[in-house]
$ cat target_32.txt   # compact mmCIF, C-alpha atoms
# COMPACT_ATOMS: atom_id res chain seq x y z
CA MET G 1169 -100.56 76.06 24.83
CA VAL G 1170 -101.44 73.26 22.45
CA LEU G 1171 -103.12 70.13 23.77
CA ILE G 1172 -103.40 66.93 21.78
CA GLU G 1173 -105.77 64.04 21.78
CA PRO G 1174 -104.45 60.49 22.08
CA SER G 1175 -103.31 59.25 18.69
CA ASN G 1176 -103.89 55.95 16.95
CA HIS G 1177 -101.38 53.64 18.61
CA SER G 1178 -100.79 51.86 15.30
CA LYS G 1179 -99.00 54.97 14.04
CA ARG G 1180 -95.24 55.18 14.44
CA ILE G 1181 -95.20 57.91 17.04
CA VAL G 1182 -91.93 59.55 18.07
CA LEU G 1183 -91.97 61.72 21.19
CA TRP G 1184 -89.43 64.54 21.34
CA LEU G 1185 -88.79 65.58 24.93
CA THR G 1186 -87.37 68.96 25.99
CA PRO G 1187 -87.16 70.55 29.48
CA VAL G 1188 -87.10 74.16 28.22
CA SER G 1189 -89.57 76.36 26.41
CA ASP G 1190 -87.40 79.34 25.43
CA LEU G 1191 -86.32 79.96 21.86
CA GLY G 1192 -82.62 79.10 21.96
CA GLY G 1193 -80.62 76.83 19.67
CA VAL G 1194 -82.34 73.62 20.78
CA ALA G 1195 -85.75 75.15 20.12
CA ARG G 1196 -84.63 76.13 16.65
CA HIS G 1197 -83.50 72.56 15.99
CA ILE G 1198 -86.87 71.26 17.17
CA LEU G 1199 -88.81 73.76 15.07
CA ASP G 1200 -86.79 72.96 11.94
CA VAL G 1201 -87.55 69.26 12.32
CA VAL G 1202 -91.23 69.93 13.05
CA LYS G 1203 -91.49 72.02 9.88
CA CYS G 1204 -89.89 69.30 7.76
CA GLY G 1205 -91.39 66.32 9.54
CA VAL G 1206 -89.53 63.05 10.11
CA PRO G 1207 -90.26 60.83 7.08
CA GLY G 1208 -92.25 57.75 8.08
CA PHE G 1209 -93.02 58.91 11.61
CA GLU G 1210 -95.56 61.00 13.50
CA LEU G 1211 -93.77 63.56 15.64
CA ILE G 1212 -95.05 64.86 18.97
CA VAL G 1213 -93.04 67.43 20.95
CA ALA G 1214 -93.47 67.45 24.73
CA GLY G 1215 -92.16 69.93 27.27
CA PRO G 1216 -93.16 72.82 29.52
CA PRO G 1217 -95.66 75.44 28.33
CA GLY G 1218 -94.21 78.60 26.85
CA LEU G 1219 -92.89 80.16 23.66
CA LEU G 1220 -91.76 76.90 22.07
CA ALA G 1221 -95.26 75.44 22.41
CA HIS G 1222 -96.64 78.50 20.62
CA GLU G 1223 -94.09 78.32 17.81
CA VAL G 1224 -94.60 74.58 17.26
CA SER G 1225 -98.33 75.22 16.94
CA LYS G 1226 -97.71 78.12 14.56
CA VAL G 1227 -95.81 75.91 12.10
CA GLY G 1228 -98.49 73.21 12.24
CA GLY G 1229 -96.80 70.84 14.67
CA THR G 1230 -98.11 68.98 17.70
CA TYR G 1231 -96.98 70.00 21.17
CA LYS G 1232 -97.96 68.43 24.48
CA ALA G 1233 -97.57 70.87 27.36
CA LEU G 1234 -96.36 69.12 30.51
CA ASP G 1235 -95.33 69.91 34.05
CA PHE G 1236 -91.82 69.03 32.96
CA GLY G 1237 -88.46 70.67 33.51
CA PRO G 1238 -86.30 72.11 36.32
CA ARG G 1239 -88.96 74.53 37.57
CA TYR G 1240 -91.37 71.62 38.19
CA GLY G 1241 -88.85 69.34 39.89
CA PHE G 1242 -87.84 65.73 39.46
CA SER G 1243 -90.96 64.01 40.81
CA ALA G 1244 -93.49 66.08 38.86
CA SER G 1245 -91.43 65.80 35.67
CA ARG G 1246 -91.19 62.04 36.03
CA ARG G 1247 -94.94 61.71 36.64
CA SER G 1248 -95.70 63.84 33.57
CA LEU G 1249 -93.40 61.73 31.42
CA THR G 1250 -94.89 58.47 32.68
CA LYS G 1251 -98.37 59.74 31.90
CA ILE G 1252 -97.60 60.74 28.33
CA LEU G 1253 -95.72 57.49 27.67
CA SER G 1254 -98.74 55.55 28.89
CA GLU G 1255 -101.11 57.67 26.81
CA TYR G 1256 -99.33 57.70 23.47
CA ARG G 1257 -96.96 54.70 23.68
CA PRO G 1258 -94.36 56.13 21.28
CA ILE G 1259 -92.03 53.68 19.60
CA ILE G 1260 -89.15 56.11 20.14
CA VAL G 1261 -88.58 58.78 22.78
CA HIS G 1262 -85.95 61.30 21.70
CA SER G 1263 -84.67 63.57 24.47
CA HIS G 1264 -82.89 66.90 24.16
CA LEU G 1265 -80.76 68.48 26.93
CA ALA G 1266 -79.43 66.83 30.06
CA TYR G 1267 -82.47 67.30 32.31
CA ALA G 1268 -84.70 65.47 29.86
CA ASP G 1269 -82.03 62.79 29.40
CA PHE G 1270 -81.87 62.07 33.13
CA ILE G 1271 -85.64 62.07 33.68
CA LEU G 1272 -86.12 59.74 30.73
CA ALA G 1273 -83.40 57.39 31.96
CA SER G 1274 -85.01 57.26 35.40
CA THR G 1275 -88.51 56.33 34.26
CA SER G 1276 -89.66 52.81 35.01
CA PHE G 1277 -92.61 52.82 32.57
CA THR G 1278 -91.20 52.66 29.04
CA SER G 1279 -94.20 51.39 26.98
CA GLY G 1280 -91.62 49.48 24.95
CA SER G 1281 -90.13 52.73 23.63
CA LYS G 1282 -86.57 52.99 22.39
CA PHE G 1283 -84.62 55.87 23.92
CA ILE G 1284 -82.48 58.19 21.79
CA SER G 1285 -80.72 61.38 22.85
CA THR G 1286 -79.20 64.30 20.94
CA GLU G 1287 -76.26 66.09 22.54
CA HIS G 1288 -76.30 69.80 21.65
CA GLY G 1289 -74.08 71.44 24.25
CA ILE G 1290 -71.22 69.41 25.68
CA ALA G 1291 -67.84 71.14 26.07
CA ALA G 1292 -64.32 69.77 26.44
CA PRO G 1293 -63.52 72.16 29.33
CA ASP G 1294 -66.15 71.98 32.07
CA ILE G 1295 -67.39 75.51 31.41
CA TYR G 1296 -70.99 74.67 32.36
CA SER G 1297 -70.18 73.15 35.78
CA ALA G 1298 -69.56 75.26 38.87
CA ASN G 1299 -66.80 73.06 40.29
CA GLY G 1300 -64.81 69.90 39.70
CA ALA G 1301 -66.97 67.75 41.99
CA ARG G 1302 -70.14 68.66 40.15
CA ALA G 1303 -68.47 68.07 36.77
CA PHE G 1304 -67.38 64.62 37.92
CA LEU G 1305 -70.90 63.81 39.14
CA VAL G 1306 -72.42 64.92 35.83
CA ARG G 1307 -70.03 62.67 33.91
CA VAL G 1308 -70.91 59.70 36.11
CA LEU G 1309 -74.65 60.32 35.71
CA HIS G 1310 -74.33 60.52 31.94
CA ARG G 1311 -72.38 57.27 31.89
CA MET G 1312 -75.04 55.58 34.01
CA ARG G 1313 -78.00 56.88 32.00
CA SER G 1314 -76.34 55.85 28.74
CA TYR G 1315 -77.30 52.22 29.43
CA ARG G 1316 -80.98 53.13 28.92
CA PHE G 1317 -80.37 54.60 25.46
CA VAL G 1318 -79.99 52.69 22.22
CA ARG G 1319 -78.45 55.55 20.24
CA PHE G 1320 -76.86 58.93 20.76
CA ILE G 1321 -76.77 61.70 18.17
CA ALA G 1322 -74.02 64.34 18.24
CA VAL G 1323 -74.31 67.61 16.31
CA SER G 1324 -70.65 67.59 15.25
CA GLU G 1325 -67.64 65.29 15.14
CA SER G 1326 -66.13 67.35 17.95
CA THR G 1327 -69.26 66.80 20.06
CA LYS G 1328 -69.08 63.04 19.48
CA LYS G 1329 -65.40 62.95 20.44
CA VAL G 1330 -65.98 64.83 23.70
CA MET G 1331 -69.00 62.64 24.57
CA LEU G 1332 -66.97 59.47 24.20
CA GLN G 1333 -64.00 60.88 26.09
CA LYS G 1334 -65.97 62.37 28.97
CA TRP G 1335 -68.63 59.77 29.50
CA GLY G 1336 -66.83 56.65 28.35
CA VAL G 1337 -70.08 55.34 26.88
CA LYS G 1338 -70.43 52.39 24.52
CA THR G 1339 -73.80 53.43 23.09
CA PRO G 1340 -73.59 53.78 19.28
CA THR G 1341 -73.23 57.46 18.40
CA SER G 1342 -74.10 59.09 15.07
CA VAL G 1343 -73.27 62.60 13.88
CA VAL G 1344 -76.08 64.70 12.38
CA TYR G 1345 -75.12 68.33 11.85
CA ASN G 1346 -77.71 71.04 12.31
CA GLY G 1347 -79.31 71.82 8.98
CA VAL G 1348 -79.70 75.27 7.49
CA ASP G 1349 -81.59 76.39 4.42
CA VAL G 1350 -79.97 78.72 1.90
CA PRO G 1351 -82.30 81.67 1.28
CA GLU G 1352 -83.45 82.19 -2.30
CA LYS G 1353 -81.99 85.66 -2.20
CA VAL G 1354 -79.29 86.81 0.20
CA ALA G 1355 -80.28 90.25 1.51
CA ARG G 1356 -77.31 92.47 2.41
CA SER G 1357 -78.92 95.80 1.60
CA LYS G 1358 -78.47 97.29 5.07
CA ILE G 1359 -74.69 97.06 5.36
CA PRO G 1360 -72.75 100.37 5.64
CA THR G 1361 -71.91 101.90 2.27
CA ASP G 1362 -69.01 104.02 3.56
CA GLY G 1363 -66.73 101.07 4.22
CA SER G 1364 -67.11 101.25 8.00
CA ILE G 1365 -67.11 98.15 10.12
CA CYS G 1366 -70.44 96.89 11.45
CA ALA G 1367 -69.57 93.87 13.57
CA LEU G 1368 -72.18 91.60 15.09
CA THR G 1369 -72.21 89.16 17.99
CA LEU G 1370 -75.18 86.83 18.01
CA SER G 1371 -75.40 84.66 21.11
CA ARG G 1372 -76.66 84.32 24.65
CA LEU G 1373 -75.03 86.95 26.87
CA SER G 1374 -73.33 84.53 29.23
CA PRO G 1375 -69.71 84.29 30.48
CA GLU G 1376 -68.62 81.45 28.18
CA LYS G 1377 -69.47 83.56 25.11
CA GLN G 1378 -66.69 86.05 26.05
CA ILE G 1379 -68.46 89.12 24.64
CA ASP G 1380 -66.41 91.23 27.05
CA ALA G 1381 -63.27 90.34 25.05
CA VAL G 1382 -64.95 91.62 21.88
CA ILE G 1383 -65.94 94.90 23.57
CA GLN G 1384 -62.42 95.44 24.94
CA ALA G 1385 -60.92 94.81 21.50
CA PHE G 1386 -63.48 97.13 19.95
CA ARG G 1387 -62.06 100.03 21.93
CA LEU G 1388 -58.92 99.67 19.79
CA VAL G 1389 -60.98 99.21 16.63
CA VAL G 1390 -62.80 102.51 17.21
CA ASP G 1391 -59.47 104.29 17.69
CA VAL G 1392 -58.69 103.34 14.07
CA ASP G 1393 -62.23 103.49 12.64
CA PRO G 1394 -64.31 105.99 14.69
CA ALA G 1395 -67.43 105.10 12.66
CA ALA G 1396 -67.19 101.39 13.51
CA ASN G 1397 -70.22 99.84 15.15
CA LEU G 1398 -70.69 96.71 17.26
CA LEU G 1399 -74.15 95.17 17.37
CA ILE G 1400 -74.63 92.88 20.37
CA ALA G 1401 -77.64 90.64 19.83
CA GLY G 1402 -79.15 88.32 22.42
CA GLU G 1403 -80.08 88.33 26.08
CA GLY G 1404 -78.57 86.75 29.16
CA PRO G 1405 -77.17 87.24 32.66
CA GLU G 1406 -74.15 89.25 31.48
CA ARG G 1407 -76.11 92.04 29.80
CA ALA G 1408 -75.89 94.62 32.60
CA LYS G 1409 -72.18 93.92 33.10
CA LEU G 1410 -71.48 94.27 29.38
CA GLU G 1411 -73.47 97.51 29.12
CA GLU G 1412 -71.43 98.93 32.00
CA LEU G 1413 -68.22 97.88 30.24
CA THR G 1414 -69.18 99.75 27.07
CA GLN G 1415 -69.90 102.86 29.14
CA ASN G 1416 -66.58 102.61 31.00
CA LEU G 1417 -64.71 102.28 27.70
CA LYS G 1418 -66.65 105.22 26.23
CA LEU G 1419 -68.16 103.03 23.54
CA SER G 1420 -71.83 103.81 24.14
CA ASP G 1421 -72.08 105.55 20.75
CA ASN G 1422 -70.47 102.62 18.96
CA CYS G 1423 -72.13 99.64 20.67
CA SER G 1424 -75.81 98.73 20.51
CA PHE G 1425 -77.56 96.02 22.51
CA LEU G 1426 -80.31 94.58 20.33
CA GLY G 1427 -81.86 91.96 22.61
CA HIS G 1428 -83.62 89.05 20.90
CA VAL G 1429 -83.54 89.47 17.13
CA ASP G 1430 -84.22 87.53 13.98
CA PRO G 1431 -80.76 86.22 13.00
CA GLN G 1432 -81.18 86.92 9.29
CA ALA G 1433 -82.34 90.48 9.92
CA ALA G 1434 -79.30 91.12 12.13
CA LEU G 1435 -76.94 89.62 9.57
CA GLU G 1436 -78.33 91.95 6.89
CA ARG G 1437 -76.70 94.83 8.79
CA ALA G 1438 -73.35 93.18 9.48
CA THR G 1439 -70.00 93.32 7.73
CA LEU G 1440 -68.61 90.71 10.13
CA LEU G 1441 -69.96 88.17 12.62
CA ILE G 1442 -67.74 87.70 15.67
CA GLN G 1443 -68.07 84.58 17.79
CA VAL G 1444 -65.36 84.04 20.38
CA SER G 1445 -67.02 81.47 22.64
CA LYS G 1446 -64.96 79.19 24.85
CA TRP G 1447 -66.70 76.28 23.14
CA GLU G 1448 -69.27 75.60 20.43
CA ASN G 1449 -70.80 72.41 19.10
CA CYS G 1450 -72.66 73.23 15.86
CA SER G 1451 -73.34 76.94 15.99
CA TYR G 1452 -76.47 78.18 14.24
CA SER G 1453 -74.94 81.68 14.19
CA LEU G 1454 -72.03 80.45 12.09
CA LEU G 1455 -74.32 78.45 9.83
CA ASP G 1456 -76.55 81.49 9.28
CA ALA G 1457 -73.48 83.60 8.47
CA ARG G 1458 -72.27 80.98 5.99
CA VAL G 1459 -75.47 80.95 3.98
CA SER G 1460 -75.82 84.74 4.22
CA GLY G 1461 -72.31 85.29 2.89
CA VAL G 1462 -71.22 87.26 5.98
CA PRO G 1463 -67.54 86.90 6.92
CA VAL G 1464 -66.93 85.52 10.39
CA LEU G 1465 -64.26 85.55 13.04
CA ALA G 1466 -64.61 82.56 15.36
CA THR G 1467 -62.52 80.85 17.99
CA ALA G 1468 -60.99 77.59 16.82
CA VAL G 1469 -62.85 75.47 19.36
CA GLY G 1470 -65.27 72.56 19.30
CA GLY G 1471 -67.19 72.21 16.05
CA ASN G 1472 -66.24 75.64 14.68
CA PRO G 1473 -63.39 74.35 12.47
CA GLU G 1474 -65.89 71.91 10.93
CA LEU G 1475 -68.13 74.82 9.88
CA VAL G 1476 -65.79 77.58 8.68
CA PRO G 1477 -62.43 77.71 6.86
CA GLU G 1478 -59.14 78.23 8.68
CA GLU G 1479 -58.81 81.83 7.53
CA TYR G 1480 -61.85 82.79 9.60
CA LEU G 1481 -60.61 81.19 12.85
CA ILE G 1482 -58.81 82.92 15.71
CA ARG G 1483 -56.71 81.43 18.49
CA ASN G 1484 -55.61 84.54 20.37
CA LEU G 1485 -58.13 86.72 22.21
CA GLU G 1486 -55.61 89.32 23.38
CA SER G 1487 -57.22 92.68 22.62
CA ALA G 1488 -54.63 93.95 20.14
CA GLU G 1489 -54.68 90.70 18.14
CA LEU G 1490 -58.47 90.52 18.11
CA ALA G 1491 -58.76 94.16 17.10
CA GLN G 1492 -56.33 93.63 14.23
CA ARG G 1493 -58.35 90.66 12.97
CA ILE G 1494 -61.57 92.70 13.16
CA LEU G 1495 -59.99 95.52 11.16
CA GLU G 1496 -58.82 93.18 8.39
CA LYS G 1497 -60.90 93.37 5.24
CA LYS G 1498 -62.48 89.96 4.71
CA GLU G 1499 -64.12 88.66 1.60
CA SER G 1500 -67.68 87.42 1.91
CA MET G 1501 -67.77 83.68 2.38
CA LYS G 1502 -69.00 81.85 -0.67
CA LEU G 1503 -72.31 80.09 -0.22
CA PRO G 1504 -71.18 76.61 0.79
CA GLN G 1505 -72.58 73.16 0.36
CA TRP G 1506 -74.29 72.35 3.62
CA GLN G 1507 -77.13 70.05 4.47
CA SER G 1508 -80.63 71.51 4.47
CA THR G 1509 -83.13 71.11 7.28
CA GLN G 1510 -84.92 68.55 5.10
CA GLU G 1511 -81.73 66.51 4.76
CA MET G 1512 -81.13 66.76 8.50
CA SER G 1513 -84.63 65.41 9.24
CA ALA G 1514 -84.15 62.60 6.72
CA LYS G 1515 -80.92 61.53 8.44
CA ILE G 1516 -82.72 61.41 11.78
CA ALA G 1517 -85.39 59.20 10.19
CA VAL G 1518 -82.68 56.83 8.91
CA ILE G 1519 -81.35 56.48 12.45
CA TYR G 1520 -84.84 55.67 13.72
CA GLU G 1521 -85.24 52.99 11.05
CA GLU G 1522 -81.87 51.48 11.99
CA VAL G 1523 -82.81 51.37 15.66
CA LEU G 1524 -86.14 49.68 14.94
CA LYS G 1525 -84.60 47.24 12.47
CA ASN G 1526 -81.94 46.18 14.98
CA ASP G 1527 -84.70 45.40 17.45
CA SER G 1528 -86.75 43.30 15.04
$ encode --input "target_32.txt" --output "structure tokens"
Amino acid sequence: MVLIEPSNHSKRIVLWLTPVSDLGGVARHILDVVKCGVPGFELIVAGPPGLLAHEVSKVGGTYKALDFGPRYGFSASRRSLTKILSEYRPIIVHSHLAYADFILASTSFTSGSKFISTEHGIAAPDIYSANGARAFLVRVLHRMRSYRFVRFIAVSESTKKVMLQKWGVKTPTSVVYNGVDVPEKVARSKIPTDGSICALTLSRLSPEKQIDAVIQAFRLVVDVDPAANLLIAGEGPERAKLEELTQNLKLSDNCSFLGHVDPQAALERATLLIQVSKWENCSYSLLDARVSGVPVLATAVGGNPELVPEEYLIRNLESAELAQRILEKKESMKLPQWQSTQEMSAKIAVIYEEVLKNDS
């Protein structure tokens, strides 16, 4: 846990607020920006203690550990936020994920801060809501909280479109894609040399990622290529169910569950990345595959068509069709032009300057 001392209030402090401390996609976004810095601003990250706090410290950033997030509850989270706003008086508070958005919108002490929010995970179908009533309530709450924010940031054009459609907000919304840095040397030394398939899924093991469809299709793949392997990276609530499925389909020798892995290390072993989620916004897995030159097979949903060419998209998850697409020989994707993490951070800084200029 990293604690910070109150900073000089004359500095242009920006407080990034997150309700989670695990190392998912949002944490990666935060860490990338911390590493680069936001030009012209002093960045402080605030959220619950945990792995993210440790990683921010490791890359030389500043993290304020708070009693903040779902496990602490609304009242404690709000008190923690009020305290840090009073202590550091940031000129901008930038929230990430819905819980932080709602707590920030509810606070009565603002210290004159401007509120900005980045949307990382909205979906056109309500795949994250248990029922229609809850989905409706979430939309209403987002519309209400939008009046406290001066700017929204979406991580893809698709994300922006869904935000405007679902929430009906009038808050100005900018698109800033997740940045990714092209490695100096692309390492692919671990791929099979016998021509066998080594497919990889790289995501949270949750229902909306549809890993079960990949496993079912892989039964047909193995019938054609008995040496084919499927690497399933990540953790999540579906792991036990997916492991049972591989056993039932007699795929235990062909499927490996890797748990949490370094994405680049996993991609070194892969001949193909498969991502068949119900929805994606700006997938880091696809971005990593792009810069690593690994072919992909991804559902044509959300921001995916903005990241990869048409030839790598799939619209039919029926097992025979998916298996056929996996068995196709795909050329490695050429290293594309894509914004770096430094360029991403610079675009965020431009938005901050615009917000402050409009208020002057």
$ closest_residue --input "target_32.txt" --among "G:Lys1232, G:Lys1446, G:Arg1239, G:Lys1203" --to "G:Ile1290" --atoms "all atoms listed in the file"
G:Lys1446
$ residues_near_point --input "target_32.txt" --point "(-75.1, 101.8, 25.1)" --cutoff "6 Å" --atoms "only C-alpha atoms" --output "mmCIF file with C-alpha atoms, in the frame of the given file"
data_model
loop_
_atom_site.group_PDB
_atom_site.id
_atom_site.type_symbol
_atom_site.label_atom_id
_atom_site.label_comp_id
_atom_site.auth_asym_id
_atom_site.auth_seq_id
_atom_site.Cartn_x
_atom_site.Cartn_y
_atom_site.Cartn_z
ATOM 1 C CA SER G 1420 -71.830 103.810 24.140
ATOM 2 C CA CYS G 1423 -72.130 99.640 20.670
ATOM 3 C CA SER G 1424 -75.810 98.730 20.510
#
$ closest_residue --input "target_32.txt" --among "G:Asn1449, G:Thr1467, G:Ser1324, G:Thr1369" --to "G:Leu1481" --atoms "all atoms listed in the file"
G:Thr1467
$ atom_distance --input "target_32.txt" --atom1 "atom CA of G:Tyr1345" --atom2 "atom CA of G:Ile1321"
9.3 Å
$ closest_residue --input "target_32.txt" --among "G:Gln1507, G:Asn1346, G:Thr1414, G:Gln1492" --to "G:Gly1471" --atoms "only C-alpha atoms"
G:Asn1346
$ closest_residue --input "target_32.txt" --among "G:Asp1190, G:Glu1486, G:Asp1235, G:Asp1200" --to "G:Gly1218" --atoms "all atoms listed in the file"
G:Asp1190
